[in-house]
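Shown next: query_25.cif, given as mmCIF, C-alpha atoms.
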data_input
#
loop_
_atom_site.group_PDB
_atom_site.id
_atom_site.type_symbol
_atom_site.label_atom_id
_atom_site.label_comp_id
_atom_site.auth_asym_id
_atom_site.auth_seq_id
_atom_site.Cartn_x
_atom_site.Cartn_y
_atom_site.Cartn_z
ATOM 1 C CA MET U 10 1.788 11.616 -4.585
ATOM 2 C CA HIS U 11 -1.028 13.501 -6.259
ATOM 3 C CA GLN U 12 -1.474 17.176 -5.499
ATOM 4 C CA SER U 13 -4.705 16.952 -3.493
ATOM 5 C CA ALA U 14 -3.596 14.150 -1.150
ATOM 6 C CA PHE U 15 -4.386 14.614 2.538
ATOM 7 C CA GLU U 16 -1.306 15.265 4.693
ATOM 8 C CA HIS U 17 -0.799 14.681 8.413
ATOM 9 C CA ARG U 18 2.110 16.371 10.192
ATOM 10 C CA LEU U 19 3.972 14.753 13.092
ATOM 11 C CA ARG U 20 7.284 15.044 14.932
ATOM 12 C CA VAL U 21 9.585 12.135 15.806
ATOM 13 C CA ARG U 22 9.722 11.543 19.552
ATOM 14 C CA TYR U 23 12.755 10.238 21.420
ATOM 15 C CA HIS U 24 11.213 6.877 22.373
ATOM 16 C CA GLU U 25 10.479 6.160 18.686
ATOM 17 C CA THR U 26 14.186 5.997 17.839
ATOM 18 C CA ASP U 27 16.592 3.093 18.291
ATOM 19 C CA GLN U 28 20.224 2.781 19.368
ATOM 20 C CA GLN U 29 21.318 4.011 15.935
ATOM 21 C CA GLY U 30 19.523 7.294 16.544
ATOM 22 C CA ILE U 31 16.966 6.776 13.787
ATOM 23 C CA VAL U 32 13.278 5.874 13.826
ATOM 24 C CA TYR U 33 12.807 2.170 14.584
ATOM 25 C CA HIS U 34 11.263 0.495 11.546
ATOM 26 C CA ALA U 35 8.127 -0.769 13.331
ATOM 27 C CA ARG U 36 7.249 2.783 14.387
ATOM 28 C CA TYR U 37 6.407 3.645 10.804
ATOM 29 C CA LEU U 38 3.385 1.352 11.053
ATOM 30 C CA GLU U 39 2.165 3.535 13.914
ATOM 31 C CA TYR U 40 2.689 6.645 11.795
ATOM 32 C CA LEU U 41 0.626 5.094 8.995
ATOM 33 C CA ASP U 42 -2.139 4.088 11.397
ATOM 34 C CA VAL U 43 -2.361 7.591 12.836
ATOM 35 C CA ALA U 44 -2.391 9.113 9.343
ATOM 36 C CA MET U 45 -5.127 6.702 8.213
ATOM 37 C CA THR U 46 -7.237 7.667 11.248
ATOM 38 C CA GLU U 47 -6.752 11.371 10.581
ATOM 39 C CA TYR U 48 -7.525 10.953 6.883
ATOM 40 C CA LEU U 49 -10.832 9.247 7.691
ATOM 41 C CA ARG U 50 -11.598 12.001 10.206
ATOM 42 C CA HIS U 51 -10.792 14.565 7.513
ATOM 43 C CA ILE U 52 -13.351 13.087 5.094
ATOM 44 C CA GLY U 53 -16.037 13.009 7.786
ATOM 45 C CA TRP U 54 -15.686 9.794 9.772
ATOM 46 C CA ASP U 55 -13.988 9.733 13.149
ATOM 47 C CA TYR U 56 -13.622 6.302 14.720
ATOM 48 C CA GLN U 57 -16.822 6.431 16.746
ATOM 49 C CA ARG U 58 -18.869 7.413 13.700
ATOM 50 C CA LEU U 59 -17.207 4.653 11.670
ATOM 51 C CA LEU U 60 -18.274 2.067 14.238
ATOM 52 C CA ALA U 61 -21.775 3.503 14.486
ATOM 53 C CA GLU U 62 -22.208 3.179 10.724
ATOM 54 C CA GLY U 63 -20.893 -0.384 10.575
ATOM 55 C CA CYS U 64 -17.296 0.156 9.537
ATOM 56 C CA ASP U 65 -14.311 -1.193 11.462
ATOM 57 C CA PRO U 66 -11.276 -1.165 9.123
ATOM 58 C CA SER U 67 -8.738 -3.862 9.956
ATOM 59 C CA LEU U 68 -5.309 -4.085 8.338
ATOM 60 C CA ILE U 69 -4.710 -7.288 6.380
ATOM 61 C CA ARG U 70 -1.703 -6.403 4.226
ATOM 62 C CA THR U 71 0.959 -3.724 4.147
ATOM 63 C CA THR U 72 4.024 -3.056 2.002
ATOM 64 C CA LEU U 73 6.736 -0.644 3.154
ATOM 65 C CA ASN U 74 9.600 0.715 1.093
ATOM 66 C CA PHE U 75 12.272 2.381 3.271
ATOM 67 C CA LEU U 76 14.233 5.037 1.370
ATOM 68 C CA ARG U 77 15.836 7.344 3.960
ATOM 69 C CA PRO U 78 15.934 7.334 7.785
ATOM 70 C CA ALA U 79 14.216 9.859 10.046
ATOM 71 C CA SER U 80 15.733 11.012 13.337
ATOM 72 C CA PHE U 81 14.676 12.429 16.708
ATOM 73 C CA GLU U 82 12.920 15.814 16.441
ATOM 74 C CA ASP U 83 12.452 15.538 12.650
ATOM 75 C CA GLU U 84 9.110 16.880 11.486
ATOM 76 C CA LEU U 85 7.432 14.542 9.003
ATOM 77 C CA LEU U 86 4.576 14.892 6.538
ATOM 78 C CA VAL U 87 2.514 11.760 5.929
ATOM 79 C CA ALA U 88 0.459 11.913 2.725
ATOM 80 C CA VAL U 89 -2.530 9.570 2.359
ATOM 81 C CA TRP U 90 -4.746 8.801 -0.607
ATOM 82 C CA PRO U 91 -6.993 5.882 -1.640
ATOM 83 C CA LEU U 92 -5.813 3.648 -4.442
ATOM 84 C CA GLN U 93 -8.639 1.147 -4.764
ATOM 85 C CA VAL U 94 -12.048 0.604 -3.140
ATOM 86 C CA GLY U 95 -13.798 -2.755 -3.210
ATOM 87 C CA ASN U 96 -17.010 -4.101 -1.735
ATOM 88 C CA SER U 97 -15.536 -4.865 1.680
ATOM 89 C CA SER U 98 -11.985 -3.524 1.460
ATOM 90 C CA PHE U 99 -9.996 -0.472 0.449
ATOM 91 C CA THR U 100 -6.337 0.262 -0.257
ATOM 92 C CA LEU U 101 -4.510 3.383 0.892
ATOM 93 C CA CYS U 102 -1.180 4.698 -0.367
ATOM 94 C CA PHE U 103 1.180 6.620 1.895
ATOM 95 C CA GLU U 104 4.268 8.758 1.450
ATOM 96 C CA ILE U 105 6.342 10.037 4.348
ATOM 97 C CA ARG U 106 8.537 13.056 3.630
ATOM 98 C CA SER U 107 10.797 15.329 5.586
ATOM 99 C CA SER U 108 8.912 18.530 6.275
ATOM 100 C CA ALA U 109 12.123 20.590 6.106
ATOM 101 C CA GLU U 110 13.699 19.265 2.887
ATOM 102 C CA GLY U 111 10.741 17.549 1.250
ATOM 103 C CA GLU U 112 12.862 14.402 0.863
ATOM 104 C CA LEU U 113 10.915 11.176 0.388
ATOM 105 C CA LEU U 114 11.639 8.806 3.287
ATOM 106 C CA LEU U 115 9.121 6.003 2.886
ATOM 107 C CA THR U 116 6.322 4.789 0.627
ATOM 108 C CA ALA U 117 3.661 2.310 1.672
ATOM 109 C CA GLU U 118 0.524 0.596 0.464
ATOM 110 C CA THR U 119 -1.941 -0.875 2.946
ATOM 111 C CA VAL U 120 -5.122 -2.913 2.487
ATOM 112 C CA TYR U 121 -7.922 -2.669 5.044
ATOM 113 C CA VAL U 122 -10.976 -4.908 5.307
ATOM 114 C CA ASN U 123 -14.210 -3.936 7.014
ATOM 115 C CA PHE U 124 -14.338 -6.340 9.967
ATOM 116 C CA ASP U 125 -17.472 -7.572 11.705
ATOM 117 C CA PRO U 126 -16.525 -8.313 15.349
ATOM 118 C CA ALA U 127 -19.667 -10.377 15.887
ATOM 119 C CA SER U 128 -19.138 -12.849 13.048
ATOM 120 C CA LYS U 129 -15.317 -12.453 12.918
ATOM 121 C CA ARG U 130 -15.620 -12.076 9.159
ATOM 122 C CA SER U 131 -15.453 -9.303 6.595
ATOM 123 C CA ARG U 132 -18.569 -7.346 5.676
ATOM 124 C CA ARG U 133 -19.525 -4.812 3.024
ATOM 125 C CA LEU U 134 -18.363 -1.242 3.376
ATOM 126 C CA PRO U 135 -21.203 1.189 4.057
ATOM 127 C CA ALA U 136 -22.177 2.798 0.752
ATOM 128 C CA ALA U 137 -21.548 6.365 1.957
ATOM 129 C CA ILE U 138 -18.005 5.562 3.076
ATOM 130 C CA ARG U 139 -17.275 3.590 -0.071
ATOM 131 C CA ASP U 140 -18.499 6.436 -2.281
ATOM 132 C CA ARG U 141 -16.507 9.050 -0.363
ATOM 133 C CA LEU U 142 -13.272 7.047 -0.572
ATOM 134 C CA THR U 143 -13.818 6.523 -4.297
ATOM 135 C CA GLN U 144 -14.006 10.286 -4.806
ATOM 136 C CA ASP U 145 -10.394 10.662 -3.634
ATOM 137 C CA ILE U 146 -8.871 8.066 -5.977
ATOM 138 C CA PRO U 147 -6.513 9.974 -8.312
ATOM 139 C CA ALA U 148 -7.816 10.424 -11.823
ATOM 140 C CA THR U 149 -4.466 10.057 -13.620
ATOM 141 C CA PRO U 150 -2.404 6.820 -13.672
ATOM 142 C CA SER U 151 0.804 8.669 -12.767
ATOM 143 C CA ASP U 152 -0.751 9.604 -9.421
ATOM 144 C CA ARG U 153 -1.941 6.064 -8.644
ATOM 145 C CA ARG U 154 1.441 4.790 -7.547
ATOM 146 C CA GLY U 155 2.285 2.650 -4.574
ATOM 147 C CA PRO U 156 5.675 1.535 -3.229
ATOM 148 C CA ARG U 157 8.666 1.704 -5.613
ATOM 149 C CA GLY U 158 6.669 3.805 -8.088
ATOM 150 C CA ARG U 159 4.727 0.755 -9.271
ATOM 151 C CA PRO U 160 1.284 1.620 -10.643
ATOM 152 C CA GLY U 161 -0.768 0.220 -7.791
ATOM 153 C CA ALA U 162 -3.865 -0.244 -9.906
ATOM 154 C CA ALA U 163 -1.974 -2.469 -12.324
ATOM 155 C CA ARG U 164 -3.260 -5.679 -10.818
ATOM 156 C CA GLY U 165 -4.389 -8.522 -13.030
ATOM 157 C CA MET U 166 -2.404 -9.438 -16.073
ATOM 158 C CA LEU U 167 0.927 -7.973 -17.043
ATOM 159 C CA VAL U 168 2.148 -9.023 -20.464
ATOM 160 C CA ALA U 169 5.857 -8.606 -21.196
ATOM 161 C CA ARG U 170 7.566 -9.058 -24.558
ATOM 162 C CA ARG U 171 10.152 -11.798 -24.836
ATOM 163 C CA HIS U 172 13.804 -10.993 -24.688
ATOM 164 C CA ARG U 173 16.221 -13.809 -25.524
ATOM 165 C CA ASP U 174 18.272 -13.636 -22.347
ATOM 166 C CA ILE U 175 15.129 -13.388 -20.178
ATOM 167 C CA GLU U 176 13.630 -16.376 -21.953
ATOM 168 C CA ALA U 177 16.798 -18.413 -21.480
ATOM 169 C CA LEU U 178 16.968 -17.578 -17.779
ATOM 170 C CA LEU U 179 13.300 -18.379 -17.181
ATOM 171 C CA LEU U 180 13.588 -21.687 -18.985
ATOM 172 C CA GLN U 181 16.534 -22.596 -16.763
ATOM 173 C CA LEU U 182 14.630 -21.661 -13.614
ATOM 174 C CA PHE U 183 11.287 -23.122 -14.674
ATOM 175 C CA PRO U 184 11.714 -26.039 -17.072
ATOM 176 C CA ASN U 185 7.950 -26.618 -17.050
ATOM 177 C CA PRO U 186 6.429 -23.218 -18.000
ATOM 178 C CA SER U 187 2.850 -24.413 -17.588
ATOM 179 C CA GLU U 188 3.300 -25.151 -13.876
ATOM 180 C CA PRO U 189 1.712 -22.494 -11.592
ATOM 181 C CA LEU U 190 4.028 -20.886 -9.086
ATOM 182 C CA VAL U 191 3.366 -19.008 -5.858
ATOM 183 C CA THR U 192 5.507 -15.925 -5.302
ATOM 184 C CA ARG U 193 5.491 -12.504 -3.654
ATOM 185 C CA GLN U 194 5.372 -9.210 -5.527
ATOM 186 C CA GLY U 195 4.934 -6.445 -2.970
ATOM 187 C CA ILE U 196 1.113 -6.324 -2.941
ATOM 188 C CA GLY U 197 0.816 -9.883 -1.663
ATOM 189 C CA PRO U 198 0.412 -13.385 -3.046
ATOM 190 C CA VAL U 199 0.139 -13.781 -6.781
ATOM 191 C CA TYR U 200 0.089 -16.806 -9.010
ATOM 192 C CA ALA U 201 2.709 -16.502 -11.699
ATOM 193 C CA THR U 202 2.218 -18.639 -14.798
ATOM 194 C CA LEU U 203 4.839 -18.673 -17.512
ATOM 195 C CA CYS U 204 2.997 -19.205 -20.756
ATOM 196 C CA ASN U 205 4.021 -19.560 -24.405
ATOM 197 C CA LEU U 206 7.629 -18.537 -23.865
ATOM 198 C CA ARG U 207 8.566 -19.609 -27.328
ATOM 199 C CA GLY U 208 5.562 -17.734 -28.685
ATOM 200 C CA GLY U 209 6.926 -14.425 -27.476
ATOM 201 C CA TYR U 210 5.558 -13.515 -24.044
ATOM 202 C CA PHE U 211 4.997 -14.555 -20.469
ATOM 203 C CA LYS U 212 2.303 -13.498 -18.006
ATOM 204 C CA TYR U 213 1.871 -12.731 -14.327
ATOM 205 C CA VAL U 214 -1.716 -13.303 -13.272
ATOM 206 C CA SER U 215 -2.805 -11.769 -9.968
ATOM 207 C CA THR U 216 -5.358 -13.407 -7.700
ATOM 208 C CA ASP U 217 -6.275 -10.093 -6.004
#

Would you put the structure from the file into structure tokens?
Amino acid sequence: MHQSAFEHRLRVRYHETDQQGIVYHARYLEYLDVAMTEYLRHIGWDYQRLLAEGCDPSLIRTTLNFLRPASFEDELLVAVWPLQVGNSSFTLCFEIRSSAEGELLLTAETVYVNFDPASKRSRRLPAAIRDRLTQDIPATPSDRRGPRGRPGAARGMLVARRHRDIEALLLQLFPNPSEPLVTRQGIGPVYATLCNLRGGYFKYVSTD
């Protein structure tokens, strides 16, 4: 989390816990939604103003990394900051911590698309909202981290040097390195193509 990230404070209510006495996993999505709403309010756009200016953010992808449980009456801090802003979509990162100990409980990365209810399709973000979100993107790579500490902006091509045991394992799993594969890597679908293994590297190429 970067130092200037917006934080929303909340307390765990009894009905948000399960039989184990900890917060039910699906409730964290509600926490993120509330924090996203409060973050947008903080930068100048409550929900009614968003709609009036042609912005209706709809969740299309989320990644949660559960680290520690929260319990009834725990006070939580939910940090929110933008990771990436596109023409019609934006990505927010979240961290949930214990207010008392500062312990990290959950990290998340969520992609929202500006939805047009009339056409049922995506539409461009209003320029003012896009520009304001862009202002809050952290300037340093170490602060642009999503779930599991992965640099969230590192989409596109990742080139890794060959290691003999990795090469041997990959060749066993994928005897035809030129064949595209579909996999999951936290941020959503990517096409993974194993190229030139004997030449010294392989690549993961993102479609995002």

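Distances from U:Glu39, U:Glu47, U:Glu112, U:Asp65 to Ser98 of chain U were compared using only C-alpha atoms, and the smallest one belongs to U:Asp65.
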
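Put simply, atom CA of Thr71 of chain U is 16.5 Å away from atom CA of Leu114 of chain U.
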
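Applied to this file, the PyMOL selection byres ((chain U and resi 16) around 8) selects the residues Ala14, Phe15, His17, Arg18, Ala44, Tyr48, Leu86, Val87, Ala88 and Val89 of chain U.
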
Atomic separation - atom CA of Pro147 of chain U relative to atom CA of Tyr56 of chain U, Å = 24.4 Å

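Running the PyMOL selection byres ((chain U and resi 133) around 10) on this file leaves Gly63, Cys64, Gly95, Asn96, Ser97, Ser98, Val122, Asn123, Phe124, Asp125, Ser131, Arg132, Leu134, Pro135, Ala136 and Arg139 of chain U selected.
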
Just need the box for segment 71-80 of chain U, edges along x, y and z, holding every atom the file lists for it with 3 Å tacked onto each side, so centre and edge lengths in Å to one decimal, as lines of an AutoDock Vina configuration file.
center_x = 8.4
center_y = 3.6
center_z = 7.2
size_x = 21.0
size_y = 20.7
size_z = 18.2

d(atom CA of Ile31 of chain U, atom CA of Ile69 of chain U) in Å = 26.9 Å

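Using only C-alpha atoms, the shortest contact distance between Gln28 of chain U and any of U:Phe81, U:Leu76, U:Arg50, U:Leu59 is found at U:Phe81.
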
Can you find the residues with an atom no farther than 10 Å from (14.5, 2.2, 0.5), counting all atoms listed in the file, and report them as a VMD selection string?
-> chain U and resid 73 to 78 113 to 116 156 to 157

Mind dumping the selected residues with C-alpha atoms as a tab-separated table (two decimals), in the coordinates of the input?
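The result, stored in out.tsv:
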chain	number	residue	atom	x	y	z
U	73	LEU	CA	6.74	-0.64	3.15
U	74	ASN	CA	9.60	0.72	1.09
U	75	PHE	CA	12.27	2.38	3.27
U	76	LEU	CA	14.23	5.04	1.37
U	77	ARG	CA	15.84	7.34	3.96
U	78	PRO	CA	15.93	7.33	7.78
U	113	LEU	CA	10.92	11.18	0.39
U	114	LEU	CA	11.64	8.81	3.29
U	115	LEU	CA	9.12	6.00	2.89
U	116	THR	CA	6.32	4.79	0.63
U	156	PRO	CA	5.68	1.54	-3.23
U	157	ARG	CA	8.67	1.70	-5.61
